[in-house]
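Chemist: Below is the file run.cif, which contains mmCIF, C-alpha atoms; chains and numbers go by the auth columns.
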data_final
#
loop_
_atom_site.group_PDB
_atom_site.id
_atom_site.type_symbol
_atom_site.label_atom_id
_atom_site.label_comp_id
_atom_site.label_asym_id
_atom_site.label_seq_id
_atom_site.Cartn_x
_atom_site.Cartn_y
_atom_site.Cartn_z
_atom_site.B_iso_or_equiv
_atom_site.auth_seq_id
_atom_site.auth_asym_id
ATOM 1 C CA ALA A 1 117.943 100.441 79.196 0.00 105 I
ATOM 2 C CA GLY A 2 117.784 100.066 82.939 0.00 106 I
ATOM 3 C CA ALA A 3 116.543 96.676 84.066 0.00 107 I
ATOM 4 C CA GLY A 4 114.454 96.149 80.946 0.00 108 I
ATOM 5 C CA ALA A 5 111.113 97.939 81.296 0.00 109 I
ATOM 6 C CA TYR A 6 111.186 98.637 77.556 0.00 110 I
ATOM 7 C CA THR A 7 113.900 96.227 76.399 0.00 111 I
ATOM 8 C CA ILE A 8 112.265 92.969 77.497 0.00 112 I
ATOM 9 C CA PRO A 9 108.824 93.589 75.923 0.00 113 I
ATOM 10 C CA LEU A 10 110.497 94.783 72.710 0.00 114 I
ATOM 11 C CA ALA A 11 112.843 91.797 72.588 0.00 115 I
ATOM 12 C CA ARG A 12 109.818 89.490 72.669 0.00 116 I
ATOM 13 C CA VAL A 13 108.485 90.895 69.385 0.00 117 I
ATOM 14 C CA VAL A 14 111.425 92.194 67.327 0.00 118 I
ATOM 15 C CA ARG A 15 114.410 90.537 65.689 0.00 119 I
ATOM 16 C CA ARG A 16 117.068 92.374 67.695 0.00 120 I
ATOM 17 C CA VAL A 17 117.381 95.047 70.393 0.00 121 I
ATOM 18 C CA THR A 18 120.519 97.116 70.988 0.00 122 I
ATOM 19 C CA VAL A 19 120.815 98.578 74.462 0.00 123 I
ATOM 20 C CA VAL A 20 122.938 101.552 75.521 0.00 124 I
ATOM 21 C CA GLU A 21 123.401 101.356 79.299 0.00 125 I
ATOM 22 C CA PRO A 22 126.305 102.730 81.384 0.00 126 I
ATOM 23 C CA SER A 23 125.528 100.817 84.594 0.00 127 I
ATOM 24 C CA LYS A 24 127.012 97.328 84.875 0.00 128 I
ATOM 25 C CA MET A 25 124.513 96.539 87.650 0.00 129 I
ATOM 26 C CA GLN A 26 121.533 97.458 85.455 0.00 130 I
ATOM 27 C CA ILE A 27 122.988 95.370 82.616 0.00 131 I
ATOM 28 C CA LEU A 28 123.327 92.412 84.982 0.00 132 I
ATOM 29 C CA ARG A 29 119.682 92.773 86.052 0.00 133 I
ATOM 30 C CA LEU A 30 118.566 93.150 82.432 0.00 134 I
ATOM 31 C CA MET A 31 120.451 90.084 81.233 0.00 135 I
ATOM 32 C CA ARG A 32 119.148 87.982 84.136 0.00 136 I
ATOM 33 C CA ARG A 33 115.601 88.894 83.099 0.00 137 I
ATOM 34 C CA ALA A 34 116.416 88.142 79.475 0.00 138 I
ATOM 35 C CA LYS A 35 117.839 84.744 80.423 0.00 139 I
ATOM 36 C CA ARG A 36 114.752 83.901 82.508 0.00 140 I
ATOM 37 C CA GLU A 37 112.622 84.658 79.451 0.00 141 I
ATOM 38 C CA SER A 38 114.970 82.832 77.050 0.00 142 I
ATOM 39 C CA LEU A 39 115.673 86.015 75.099 0.00 143 I
ATOM 40 C CA SER A 40 118.978 85.972 73.241 0.00 144 I
ATOM 41 C CA ASN A 41 118.422 88.877 70.857 0.00 145 I
ATOM 42 C CA ILE A 42 119.683 91.689 73.111 0.00 146 I
ATOM 43 C CA ARG A 43 122.999 93.378 72.312 0.00 147 I
ATOM 44 C CA VAL A 44 124.453 95.587 75.057 0.00 148 I
ATOM 45 C CA ILE A 45 126.711 98.613 74.659 0.00 149 I
ATOM 46 C CA ASN A 46 128.065 99.387 78.139 0.00 150 I
ATOM 47 C CA LYS A 47 128.459 103.152 77.692 0.00 151 I
ATOM 48 C CA ARG A 48 126.615 106.423 78.040 0.00 152 I
ATOM 49 C CA TRP A 49 124.891 107.731 74.912 0.00 153 I
ATOM 50 C CA GLU A 50 127.282 110.638 74.655 0.00 154 I
ATOM 51 C CA ASP A 51 130.276 108.235 74.693 0.00 155 I
ATOM 52 C CA VAL A 52 129.031 105.725 72.114 0.00 156 I
ATOM 53 C CA GLY A 53 130.783 105.921 68.759 0.00 157 I
ATOM 54 C CA TYR A 54 128.865 105.729 65.498 0.00 158 I
ATOM 55 C CA ASP A 55 130.941 102.650 64.624 0.00 159 I
ATOM 56 C CA GLU A 56 129.249 100.842 67.535 0.00 160 I
ATOM 57 C CA LEU A 57 125.757 101.699 66.329 0.00 161 I
ATOM 58 C CA GLU A 58 123.633 100.732 63.340 0.00 162 I
ATOM 59 C CA GLU A 59 120.470 102.185 61.843 0.00 163 I
ATOM 60 C CA TYR A 60 117.424 101.336 63.924 0.00 164 I
ATOM 61 C CA ASP A 61 113.715 101.286 63.140 0.00 165 I
ATOM 62 C CA ILE A 62 112.971 102.666 66.596 0.00 166 I
ATOM 63 C CA VAL A 63 115.172 104.393 69.152 0.00 167 I
ATOM 64 C CA ILE A 64 113.834 104.728 72.697 0.00 168 I
ATOM 65 C CA ALA A 65 115.519 106.678 75.477 0.00 169 I
ATOM 66 C CA ALA A 66 113.797 106.913 78.851 0.00 170 I
ATOM 67 C CA TYR A 67 114.651 108.796 82.043 0.00 171 I
ATOM 68 C CA CYS A 68 118.310 109.169 81.044 0.00 172 I
ATOM 69 C CA PHE A 69 118.678 112.820 80.153 0.00 173 I
ATOM 70 C CA ASN A 70 120.960 114.050 82.916 0.00 174 I
ATOM 71 C CA MET A 71 123.818 114.434 80.449 0.00 175 I
ATOM 72 C CA PRO A 72 126.382 117.218 80.220 0.00 176 I
ATOM 73 C CA ASP A 73 125.994 117.369 76.428 0.00 177 I
ATOM 74 C CA ILE A 74 122.386 116.417 75.741 0.00 178 I
ATOM 75 C CA LYS A 75 122.422 118.016 72.307 0.00 179 I
ATOM 76 C CA SER A 76 125.121 115.712 70.912 0.00 180 I
ATOM 77 C CA ALA A 77 123.408 112.670 72.448 0.00 181 I
ATOM 78 C CA LEU A 78 120.075 113.655 70.857 0.00 182 I
ATOM 79 C CA TYR A 79 121.830 114.306 67.542 0.00 183 I
ATOM 80 C CA LYS A 80 123.340 110.813 67.683 0.00 184 I
ATOM 81 C CA MET A 81 119.949 109.247 68.478 0.00 185 I
ATOM 82 C CA LEU A 82 118.353 111.083 65.553 0.00 186 I
ATOM 83 C CA ASN A 83 121.134 110.047 63.172 0.00 187 I
ATOM 84 C CA VAL A 84 120.724 106.323 63.875 0.00 188 I
ATOM 85 C CA THR A 85 116.913 106.390 63.750 0.00 189 I
ATOM 86 C CA LYS A 86 115.417 105.456 60.402 0.00 190 I
ATOM 87 C CA GLY A 87 111.933 105.217 61.873 0.00 191 I
ATOM 88 C CA VAL A 88 110.713 106.826 65.083 0.00 192 I
ATOM 89 C CA LEU A 89 112.597 108.363 67.990 0.00 193 I
ATOM 90 C CA PHE A 90 110.807 108.091 71.351 0.00 194 I
ATOM 91 C CA LEU A 91 112.026 110.025 74.387 0.00 195 I
ATOM 92 C CA VAL A 92 110.311 109.423 77.732 0.00 196 I
ATOM 93 C CA CYS A 93 110.865 112.096 80.401 0.00 197 I
ATOM 94 C CA LEU A 94 109.408 112.782 83.796 0.00 198 I
ATOM 95 C CA ALA A 95 106.940 115.659 83.566 0.00 199 I
ATOM 96 C CA ASP A 96 105.715 115.657 87.191 0.00 200 I
ATOM 97 C CA HIS A 97 106.275 113.281 90.103 0.00 201 I
ATOM 98 C CA GLY A 98 103.211 114.530 91.988 0.00 202 I
ATOM 99 C CA PHE A 99 105.098 114.788 95.277 0.00 203 I
ATOM 100 C CA ARG A 100 106.410 118.357 95.205 0.00 204 I
ATOM 101 C CA ASP A 101 104.259 119.298 98.207 0.00 205 I
ATOM 102 C CA VAL A 102 105.697 116.402 100.223 0.00 206 I
ATOM 103 C CA TYR A 103 109.259 117.457 99.384 0.00 207 I
ATOM 104 C CA GLU A 104 108.370 120.964 100.545 0.00 208 I
ATOM 105 C CA ILE A 105 107.318 119.525 103.920 0.00 209 I
ATOM 106 C CA ILE A 106 110.644 117.691 104.169 0.00 210 I
ATOM 107 C CA THR A 107 112.907 120.549 103.101 0.00 211 I
ATOM 108 C CA GLY A 108 110.820 123.486 104.288 0.00 212 I
ATOM 109 C CA GLU A 109 111.185 125.168 100.921 0.00 213 I
ATOM 110 C CA PHE A 110 110.030 124.953 97.332 0.00 214 I
ATOM 111 C CA SER A 111 111.073 121.563 96.002 0.00 215 I
ATOM 112 C CA SER A 112 114.226 121.533 93.931 0.00 216 I
ATOM 113 C CA THR A 113 113.719 117.894 92.967 0.00 217 I
ATOM 114 C CA LEU A 114 111.923 118.999 89.823 0.00 218 I
ATOM 115 C CA ASP A 115 112.316 122.738 89.394 0.00 219 I
ATOM 116 C CA TYR A 116 111.167 122.587 85.800 0.00 220 I
ATOM 117 C CA PRO A 117 109.752 119.813 83.669 0.00 221 I
ATOM 118 C CA GLU A 118 112.726 118.049 82.080 0.00 222 I
ATOM 119 C CA TYR A 119 110.754 117.439 78.906 0.00 223 I
ATOM 120 C CA VAL A 120 110.415 121.175 78.231 0.00 224 I
ATOM 121 C CA TYR A 121 114.192 121.478 78.173 0.00 225 I
ATOM 122 C CA ILE A 122 114.579 118.407 75.916 0.00 226 I
ATOM 123 C CA TYR A 123 111.887 119.700 73.565 0.00 227 I
ATOM 124 C CA ASN A 124 113.561 123.117 73.452 0.00 228 I
ATOM 125 C CA VAL A 125 116.920 121.557 72.538 0.00 229 I
ATOM 126 C CA LEU A 126 115.228 119.567 69.764 0.00 230 I
ATOM 127 C CA CYS A 127 113.602 122.759 68.433 0.00 231 I
ATOM 128 C CA GLN A 128 116.985 124.491 68.439 0.00 232 I
ATOM 129 C CA MET A 129 118.204 121.576 66.304 0.00 233 I
ATOM 130 C CA GLY A 130 115.330 122.132 63.858 0.00 234 I
ATOM 131 C CA VAL A 131 113.460 119.043 65.061 0.00 235 I
ATOM 132 C CA TYR A 132 109.785 119.737 65.771 0.00 236 I
ATOM 133 C CA ALA A 133 108.643 116.667 67.648 0.00 237 I
ATOM 134 C CA ASN A 134 105.294 115.653 69.112 0.00 238 I
ATOM 135 C CA VAL A 135 104.671 115.601 72.864 0.00 239 I
ATOM 136 C CA GLU A 136 102.065 113.621 74.760 0.00 240 I
ATOM 137 C CA ILE A 137 101.637 113.638 78.535 0.00 241 I
ATOM 138 C CA VAL A 138 100.830 110.228 79.986 0.00 242 I
ATOM 139 C CA THR A 139 99.587 109.769 83.556 0.00 243 I
ATOM 140 C CA ARG A 140 100.461 106.722 85.657 0.00 244 I
ATOM 141 C CA GLU A 141 98.646 106.080 88.921 0.00 245 I
ATOM 142 C CA TYR A 142 99.390 103.367 91.430 0.00 246 I
ATOM 143 C CA LEU A 143 99.521 102.554 95.136 0.00 247 I
ATOM 144 C CA ILE A 144 102.761 102.171 97.080 0.00 248 I
ATOM 145 C CA PRO A 145 102.987 100.972 100.710 0.00 249 I
ATOM 146 C CA LEU A 146 103.444 103.964 103.018 0.00 250 I
ATOM 147 C CA ASP A 147 106.343 102.304 104.855 0.00 251 I
ATOM 148 C CA PHE A 148 108.163 101.747 101.569 0.00 252 I
ATOM 149 C CA GLN A 149 107.493 105.319 100.424 0.00 253 I
ATOM 150 C CA LEU A 150 108.929 106.662 103.682 0.00 254 I
ATOM 151 C CA GLU A 151 111.955 104.392 103.274 0.00 255 I
ATOM 152 C CA ILE A 152 112.548 105.826 99.797 0.00 256 I
ATOM 153 C CA LEU A 153 112.322 109.361 101.196 0.00 257 I
ATOM 154 C CA ARG A 154 114.741 108.499 104.027 0.00 258 I
ATOM 155 C CA TYR A 155 117.286 107.385 101.451 0.00 259 I
ATOM 156 C CA ASN A 156 117.830 111.020 100.405 0.00 260 I
ATOM 157 C CA TYR A 157 116.540 113.035 103.353 0.00 261 I
ATOM 158 C CA ASP A 158 116.788 113.102 107.133 0.00 262 I
ATOM 159 C CA ILE A 159 113.172 112.300 108.022 0.00 263 I
ATOM 160 C CA THR A 160 112.624 113.009 111.716 0.00 264 I
ATOM 161 C CA PRO A 161 109.602 111.519 113.525 0.00 265 I
ATOM 162 C CA GLU A 162 108.023 114.998 113.450 0.00 266 I
ATOM 163 C CA ILE A 163 108.449 115.317 109.687 0.00 267 I
ATOM 164 C CA GLU A 164 107.136 111.779 109.182 0.00 268 I
ATOM 165 C CA GLU A 165 104.008 112.674 111.153 0.00 269 I
ATOM 166 C CA ARG A 166 103.535 115.846 109.082 0.00 270 I
ATOM 167 C CA ILE A 167 103.873 113.793 105.884 0.00 271 I
ATOM 168 C CA ARG A 168 101.289 111.269 107.120 0.00 272 I
ATOM 169 C CA LYS A 169 98.830 114.019 108.057 0.00 273 I
ATOM 170 C CA HIS A 170 99.362 115.840 104.761 0.00 274 I
ATOM 171 C CA LEU A 171 98.834 112.676 102.715 0.00 275 I
ATOM 172 C CA ALA A 172 95.634 111.953 104.664 0.00 276 I
ATOM 173 C CA LEU A 173 94.358 115.544 104.223 0.00 277 I
ATOM 174 C CA THR A 174 95.024 115.418 100.472 0.00 278 I
ATOM 175 C CA ASN A 175 93.240 112.049 100.133 0.00 279 I
ATOM 176 C CA ARG A 176 96.408 110.219 99.121 0.00 280 I
ATOM 177 C CA LEU A 177 96.559 107.870 102.093 0.00 281 I
ATOM 178 C CA VAL A 178 94.362 104.797 101.851 0.00 282 I
ATOM 179 C CA GLU A 179 93.958 101.666 103.925 0.00 283 I
ATOM 180 C CA LYS A 180 93.985 98.373 102.072 0.00 284 I
ATOM 181 C CA ASP A 181 94.438 94.872 103.457 0.00 285 I
ATOM 182 C CA GLY A 182 95.218 96.289 106.898 0.00 286 I
ATOM 183 C CA LYS A 183 98.082 98.435 105.578 0.00 287 I
ATOM 184 C CA LEU A 184 98.427 102.100 104.711 0.00 288 I
ATOM 185 C CA TRP A 185 99.144 102.892 101.062 0.00 289 I
ATOM 186 C CA VAL A 186 100.035 106.116 99.267 0.00 290 I
ATOM 187 C CA LYS A 187 98.253 107.041 96.044 0.00 291 I
ATOM 188 C CA ARG A 188 100.949 108.166 93.604 0.00 292 I
ATOM 189 C CA ARG A 189 100.462 109.936 90.305 0.00 293 I
ATOM 190 C CA TYR A 190 103.294 110.433 87.860 0.00 294 I
ATOM 191 C CA ARG A 191 103.087 112.305 84.609 0.00 295 I
ATOM 192 C CA ASP A 192 105.510 111.379 81.875 0.00 296 I
ATOM 193 C CA ALA A 193 106.127 113.236 78.657 0.00 297 I
ATOM 194 C CA VAL A 194 106.510 111.060 75.594 0.00 298 I
ATOM 195 C CA ILE A 195 108.344 113.030 72.936 0.00 299 I
ATOM 196 C CA TRP A 196 108.307 111.349 69.556 0.00 300 I
ATOM 197 C CA TYR A 197 109.629 112.264 66.173 0.00 301 I
ATOM 198 C CA GLN A 198 109.376 110.646 62.780 0.00 302 I
ATOM 199 C CA GLU A 199 110.909 112.266 59.737 0.00 303 I
#
Represent the structure from my file as structure tokens, please.

Modeler:
Amino acid sequence: AGAGAYTIPLARVVRRVTVVEPSKMQILRLMRRAKRESLSNIRVINKRWEDVGYDELEEYDIVIAAYCFNMPDIKSALYKMLNVTKGVLFLVCLADHGFRDVYEIITGEFSSTLDYPEYVYIYNVLCQMGVYANVEIVTREYLIPLDFQLEILRYNYDITPEIEERIRKHLALTNRLVEKDGKLWVKRRYRDAVIWYQE
């Protein structure tokens, strides 16, 4: 569920939304957004998918799970999602973050931040379960302030001034650094895999 990227728009147009979210902080953010928009049709289950009991769930027209597949037992979680879906199951996974080359500059080696596309693994597990879903790759492009992008990178990595300069030069050489309104921005391109299944 996160902070409501899918929940809030859905809650505006459907009778009820049930959210499975393990993070109390994300639930707090979600419910604040819901309150601001006067949405009272959101039910929250504060657990991970693999820990939710069938007695806590209902049958749903649509089940959406996005960017939440780092689970020790993904197969049982997917099985549970399929069992409560009477309509369409949508799974949204990162296919490519478009920054592998930048991570290689930072670490000095092939990026381990996305060694394989997560969606391929999810799709393979579904196939092993006898579920032959559809996959569509969706591209998102946007600009992010360079300073903010570097701050995000510093959160996980020790970015020295030398590495920062190499990143700046690399982004400029690959035409991903643009000036807008007197600030430097990074062109980002993400590819998501939307896996969907309808029986």

Chemist: Within 10 Å of stretch 284-287 of chain I, counting all atoms listed in the file, which residues show up once you throw out same-chain ones fewer than 4 positions away? Write them as a PyMOL selection string, please.

Modeler: chain I and resi 247+249-251

Chemist: Using only C-alpha atoms, which protein or nucleic acid residues come within 12 Å of I:Glu163? Drop anything in the same chain fewer than 6 positions from it, and give the result as a PyMOL selection string.

Modeler: chain I and resi 120-122+184-193

Chemist: For the provided coordinates, the residues matched by the PyMOL selection byres ((chain I and resi 296-298) around 7) should be stated as a ChimeraX atom specification.

Modeler: /I:194-200,223,239-243,294-295,299-300

Chemist: Go ahead and find all residues with at least one atom no further than 12 Å from (136.5, 99.4, 73.4) in the file's coordinates, using all atoms listed in the file; report them as an mmCIF file with C-alpha atoms, keeping the file's coordinate frame.

Modeler:
data_model
loop_
_atom_site.group_PDB
_atom_site.id
_atom_site.type_symbol
_atom_site.label_atom_id
_atom_site.label_comp_id
_atom_site.auth_asym_id
_atom_site.auth_seq_id
_atom_site.Cartn_x
_atom_site.Cartn_y
_atom_site.Cartn_z
ATOM 1 C CA ILE I 149 126.711 98.613 74.659
ATOM 2 C CA ASN I 150 128.065 99.387 78.139
ATOM 3 C CA LYS I 151 128.459 103.152 77.692
ATOM 4 C CA ASP I 155 130.276 108.235 74.693
ATOM 5 C CA VAL I 156 129.031 105.725 72.114
ATOM 6 C CA GLY I 157 130.783 105.921 68.759
ATOM 7 C CA ASP I 159 130.941 102.650 64.624
ATOM 8 C CA GLU I 160 129.249 100.842 67.535
#

Chemist: In Å, rounded to a single decimal, give me how far atom CA of I:Pro126 is from atom CA of I:Gly234.

Modeler: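 Atom CA of I:Pro126 lies at a distance of 28.4 Å from atom CA of I:Gly234.
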
Chemist: Can you work out the spacing between atom CA of I:Tyr164 and atom CA of I:Ile226 in Å, to one decimal?

Modeler: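 Between atom CA of I:Tyr164 and atom CA of I:Ile226 the gap works out to 21.1 Å.
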
Chemist: For I:Leu134, list every protein, DNA or RNA residue within 9 Å, evaluated using all atoms listed in the file, and leave out those in the same chain fewer than 5 positions away; present the list as a VMD selection string.

Modeler: chain I and resid 105 to 109 111 to 112 129 139

Chemist: So which one's closest to I:Leu275, I:Ile209, I:Ile256, I:Val235, I:Val229? Using only C-alpha atoms, please.

Modeler: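 The closest residue to I:Leu275 is I:Ile209.
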